[in-house]
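Comments concern the structure below.
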Amino acid sequence: MSEGTPKSKKPSKKHKPPGLKILHEDRDIIVVDKSEGLLTISNDKVKDKTAHFFLNNYVQKGNPKSRDRVFIVHRLDRDTSGVLVFAKNQNAKAYLQEEWGQFNKKYYAIVLGKPPEMEGEITSYLMENSAYRMYSTKDSSNGKFAKTGYKVIKSNSRYSLLEIELFTGRKNQIRVHMSDIGCPIVGDKVYGKDPKVKGRLALHAASLTILHPYSKKEMTFETGIPNEFRVALS
């Protein structure tokens with residue numbers, strides 16, 4: 001934790017949020033490592049089994065009348081695991097969302113095949129069709145600019161392990177861009193057709209660097225490469 005940042009609290013074992021490992025907590029933010037298969041926030045079908053719900057229960061210590069709560073800053077897809085940050089007050093939320101584009105985000109992914117280059121960048125404009133599926137277009141007037149950087153860490157005859165840097169944060173950006181270069185993410189039912197790695201989408205938010213909303217100190221939160229990713233590449 002950076003100097004000048006309010007001290008972290010010890011997680012409550014009784015209200016420990018399922019599917020979430022708390023990486024850091026202070027009076028302004030709470031940072032977790034989300035497991036795959038867990039929604040960030042509720043949708044039409046799932047209301048309470050989400051990271052947002054579990055963390056609200058955690059900070060409220062099971063008391064729904066408590067004024068304590070967490071605020072959404074960003075999201076990870078249900079089947080994407082990794083670093084996720086929530087704000088604990090409106091000021092922190094506003095600051096993090098305003099500065100979000102300046103923060104550094106890195107992912108690990110296993111893709112089918114091998115990219116054309118060992119290292120590169122992918123750019124396009126992303127749009128969403130009537131079936132809520134994102135796709136790349138050259139239409140800059142309607143699409144939103146997206147930029148993804150990648151580096152091959154390891155590969156075998158079937159898969160490649162990539163380190164991915166997200167320069168913009170569009171919906172399904174990494175998944176679309178990997179599919180665009182002919183290397184869809186393993187386990188992606190929408191943008192690819194490859195079998196899953198240990199029953200999951202092989203995409204993990206590995207590292208997030210932010211400026212703390214109160215102290216303005218740089219903070220980096222990291223997780224390792226998931227075990228199942230290493231096994232698939234062994």
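Chain labels run A, B, ... following the order of the structure tokens; each chain numbers its residues from 1, and ligands are numbered from 1 in the order shown.
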Env of region 162-178 of chain A: 8 Å cut, atoms = only C-alpha atoms, seq-sep filter 3 positions within chain, self excluded. Answer as a PyMOL selection string. chain A and resi 101+104-111+122-123+126+134-136+144-154+181-185+188+191
Closest to Arg158 (chain A) among A:Ile72, A:Leu233, A:Leu38, A:Ala94, using only C-alpha atoms? A:Leu233
Backbone-only DSSP, strand (DSSP E or B) members of chain A, as a PyMOL selection string: chain A and resi 20-25+29-34+39+50+71-72+81-87+104-112+119-128+134-137+144-155+159-166+185+197+200+203-211+218-222
Pick out the residues sitting within 9 Å of region 44-56 of chain A, and hand them over as a PyMOL selection string; count only C-alpha atoms, and ignore anything fewer than 4 positions along from it in its own chain. chain A and resi 15-20+30+34+38-40+60-62+64+68-72+86
Run DSSP on the backbone and grab whatever in region 15-209 of chain A lands in alpha helix (DSSP H); send it over as a list in words. Ala51, His52, Phe53, Phe54, Leu55, Asn56, Asn57, Tyr58, Val59, Gln90, Asn91, Ala92, Lys93, Ala94, Tyr95, Leu96, Gln97, Glu98, Glu99, Gln173, Ile174, Arg175, Val176, His177, Met178, Ser179 and Asp180 of chain A
Store the residues picked out above in a file with N, CA, C and O atoms, as a CSV table (one decimal), in the first residue's frame.
```
chain,number,residue,atom,x,y,z
A,51,ALA,N,-20.9,-9.8,-7.4
A,51,ALA,CA,-19.8,-9.2,-6.6
A,51,ALA,C,-20.3,-8.0,-5.9
A,51,ALA,O,-20.0,-7.8,-4.7
A,52,HIS,N,-21.1,-7.2,-6.5
A,52,HIS,CA,-21.6,-6.0,-5.9
A,52,HIS,C,-22.5,-6.3,-4.7
A,52,HIS,O,-22.3,-5.7,-3.6
A,53,PHE,N,-23.4,-7.3,-4.8
A,53,PHE,CA,-24.2,-7.7,-3.7
A,53,PHE,C,-23.4,-8.2,-2.5
A,53,PHE,O,-23.6,-7.8,-1.4
A,54,PHE,N,-22.5,-9.1,-2.8
A,54,PHE,CA,-21.7,-9.7,-1.8
A,54,PHE,C,-20.8,-8.7,-1.0
A,54,PHE,O,-20.7,-8.8,0.2
A,55,LEU,N,-20.3,-7.7,-1.8
A,55,LEU,CA,-19.5,-6.7,-1.1
A,55,LEU,C,-20.3,-5.7,-0.3
A,55,LEU,O,-19.8,-5.2,0.7
A,56,ASN,N,-21.5,-5.4,-0.8
A,56,ASN,CA,-22.4,-4.6,0.0
A,56,ASN,C,-22.7,-5.3,1.4
A,56,ASN,O,-22.6,-4.7,2.4
A,57,ASN,N,-23.0,-6.6,1.3
A,57,ASN,CA,-23.2,-7.3,2.5
A,57,ASN,C,-22.0,-7.3,3.4
A,57,ASN,O,-22.1,-7.2,4.6
A,58,TYR,N,-20.8,-7.4,2.8
A,58,TYR,CA,-19.6,-7.4,3.5
A,58,TYR,C,-19.3,-6.1,4.3
A,58,TYR,O,-19.0,-6.1,5.5
A,59,VAL,N,-19.5,-5.0,3.6
A,59,VAL,CA,-19.2,-3.7,4.3
A,59,VAL,C,-20.3,-3.3,5.2
A,59,VAL,O,-20.1,-2.6,6.2
A,90,GLN,N,-19.2,8.2,-3.0
A,90,GLN,CA,-19.5,8.8,-4.3
A,90,GLN,C,-18.3,9.6,-4.8
A,90,GLN,O,-18.0,9.6,-6.1
A,91,ASN,N,-17.5,10.3,-4.0
A,91,ASN,CA,-16.4,11.0,-4.4
A,91,ASN,C,-15.3,10.1,-5.1
A,91,ASN,O,-14.7,10.5,-6.1
A,92,ALA,N,-15.0,9.0,-4.4
A,92,ALA,CA,-14.1,8.1,-4.9
A,92,ALA,C,-14.5,7.5,-6.3
A,92,ALA,O,-13.7,7.3,-7.2
A,93,LYS,N,-15.8,7.2,-6.3
A,93,LYS,CA,-16.4,6.6,-7.6
A,93,LYS,C,-16.2,7.6,-8.7
A,93,LYS,O,-15.7,7.3,-9.8
A,94,ALA,N,-16.6,8.9,-8.5
A,94,ALA,CA,-16.5,9.9,-9.5
A,94,ALA,C,-15.0,10.1,-10.0
A,94,ALA,O,-14.8,10.2,-11.2
A,95,TYR,N,-14.1,10.1,-9.1
A,95,TYR,CA,-12.7,10.3,-9.4
A,95,TYR,C,-12.2,9.2,-10.3
A,95,TYR,O,-11.6,9.4,-11.3
A,96,LEU,N,-12.4,7.9,-9.8
A,96,LEU,CA,-11.9,6.8,-10.5
A,96,LEU,C,-12.5,6.6,-11.9
A,96,LEU,O,-11.8,6.3,-12.8
A,97,GLN,N,-13.8,6.9,-12.0
A,97,GLN,CA,-14.4,6.8,-13.3
A,97,GLN,C,-13.9,7.9,-14.3
A,97,GLN,O,-13.7,7.7,-15.5
A,98,GLU,N,-13.7,9.1,-13.7
A,98,GLU,CA,-13.2,10.2,-14.6
A,98,GLU,C,-11.8,9.9,-15.1
A,98,GLU,O,-11.4,10.3,-16.2
A,99,GLU,N,-10.9,9.3,-14.2
A,99,GLU,CA,-9.5,9.0,-14.6
A,99,GLU,C,-9.3,7.7,-15.2
A,99,GLU,O,-8.2,7.3,-15.5
A,173,GLN,N,-14.1,-5.8,-25.8
A,173,GLN,CA,-13.0,-5.4,-26.7
A,173,GLN,C,-11.9,-6.4,-26.9
A,173,GLN,O,-11.6,-6.7,-28.1
A,174,ILE,N,-11.4,-7.0,-25.9
A,174,ILE,CA,-10.3,-8.0,-26.0
A,174,ILE,C,-10.8,-9.2,-26.8
A,174,ILE,O,-10.2,-9.7,-27.7
A,175,ARG,N,-12.0,-9.7,-26.5
A,175,ARG,CA,-12.6,-10.8,-27.2
A,175,ARG,C,-12.8,-10.6,-28.7
A,175,ARG,O,-12.5,-11.4,-29.5
A,176,VAL,N,-13.3,-9.4,-29.0
A,176,VAL,CA,-13.5,-9.1,-30.4
A,176,VAL,C,-12.2,-8.9,-31.2
A,176,VAL,O,-12.0,-9.5,-32.2
A,177,HIS,N,-11.2,-8.3,-30.6
A,177,HIS,CA,-9.9,-8.0,-31.2
A,177,HIS,C,-9.1,-9.3,-31.4
A,177,HIS,O,-8.5,-9.5,-32.5
A,178,MET,N,-9.2,-10.2,-30.5
A,178,MET,CA,-8.5,-11.5,-30.6
A,178,MET,C,-9.1,-12.3,-31.8
A,178,MET,O,-8.5,-12.9,-32.6
A,179,SER,N,-10.5,-12.2,-31.8
A,179,SER,CA,-11.2,-12.9,-32.9
A,179,SER,C,-10.8,-12.3,-34.3
A,179,SER,O,-10.7,-13.0,-35.3
A,180,ASP,N,-10.7,-11.0,-34.3
A,180,ASP,CA,-10.3,-10.3,-35.5
A,180,ASP,C,-9.0,-10.7,-36.1
A,180,ASP,O,-8.9,-10.7,-37.4
```
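Here CA of Leu208 (chain A) is placed at a distance of 15.1 Å from CA of Lys21 (chain A).
Remark: for Gly199 (chain A), the closest of the candidate residues A:Ile41, A:Val186, A:Val73, A:Leu211 is A:Val186 (distances computed over only C-alpha atoms).
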Could you tell me which of A:Ile210, A:Val32, A:Ile225, A:Ala131 comes closest to Arg75 (chain A) if we count only C-alpha atoms?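 Closest to Arg75 (chain A) of all the choices is A:Val32.
Coordinates place CA of Ile22 (chain A) at a distance of 9.6 Å from CA of Val83 (chain A).
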May I have the residues within 10 Å of Asp33 (chain A) as a list of chain:residue names, using only C-alpha atoms and disregarding those fewer than 5 positions away in the same chain?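 Those residues are A:Gly19, A:Leu20, A:Lys21, A:Ile22, A:Leu23, A:His24, A:Ser81, A:Gly82, A:Val83, A:Leu84, A:Val85, A:His204, A:Ala205, A:Ala206, A:Phe221, A:Glu222, A:Thr223.
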Find the residues around Thr137 (chain A) up to 8 Å (only C-alpha atoms counted), leave out those fewer than 6 positions away in its own chain, and share them as a PyMOL selection string. chain A and resi 124-127+143
Selection above as a file: all heavy atoms, as a compact mmCIF listing (two decimals), in the first residue's frame:
```txt
# COMPACT_ATOMS: atom_id res chain seq x y z
N SER A 124 -9.52 -0.69 -33.93
CA SER A 124 -10.72 -0.71 -34.75
C SER A 124 -11.76 0.18 -34.08
O SER A 124 -11.53 0.72 -33.00
CB SER A 124 -11.26 -2.13 -34.91
OG SER A 124 -11.84 -2.60 -33.70
N TYR A 125 -12.90 0.32 -34.75
CA TYR A 125 -14.05 0.98 -34.15
C TYR A 125 -15.06 -0.11 -33.83
O TYR A 125 -15.34 -0.97 -34.68
CB TYR A 125 -14.63 2.03 -35.09
CG TYR A 125 -13.68 3.18 -35.33
CD1 TYR A 125 -12.77 3.13 -36.39
CD2 TYR A 125 -13.67 4.28 -34.49
CE1 TYR A 125 -11.88 4.17 -36.60
CE2 TYR A 125 -12.77 5.33 -34.70
CZ TYR A 125 -11.88 5.26 -35.74
OH TYR A 125 -10.98 6.28 -35.94
N LEU A 126 -15.59 -0.12 -32.61
CA LEU A 126 -16.50 -1.18 -32.19
C LEU A 126 -17.94 -0.70 -32.15
O LEU A 126 -18.23 0.40 -31.68
CB LEU A 126 -16.10 -1.72 -30.81
CG LEU A 126 -14.74 -2.42 -30.72
CD1 LEU A 126 -14.52 -2.96 -29.31
CD2 LEU A 126 -14.63 -3.55 -31.73
N MET A 127 -18.81 -1.56 -32.66
CA MET A 127 -20.25 -1.29 -32.64
C MET A 127 -20.98 -2.51 -32.10
O MET A 127 -20.42 -3.61 -32.05
CB MET A 127 -20.76 -0.95 -34.05
CG MET A 127 -20.22 0.35 -34.60
SD MET A 127 -20.90 0.73 -36.24
CE MET A 127 -22.64 0.97 -35.86
N GLY A 143 -18.95 3.95 -34.75
CA GLY A 143 -18.24 3.06 -33.85
C GLY A 143 -17.39 3.81 -32.84
O GLY A 143 -17.10 4.99 -33.00
```
For CA of Gly120 (chain A) and CA of Leu203 (chain A), quote the distance in Å rounded to one decimal. 18.2 Å
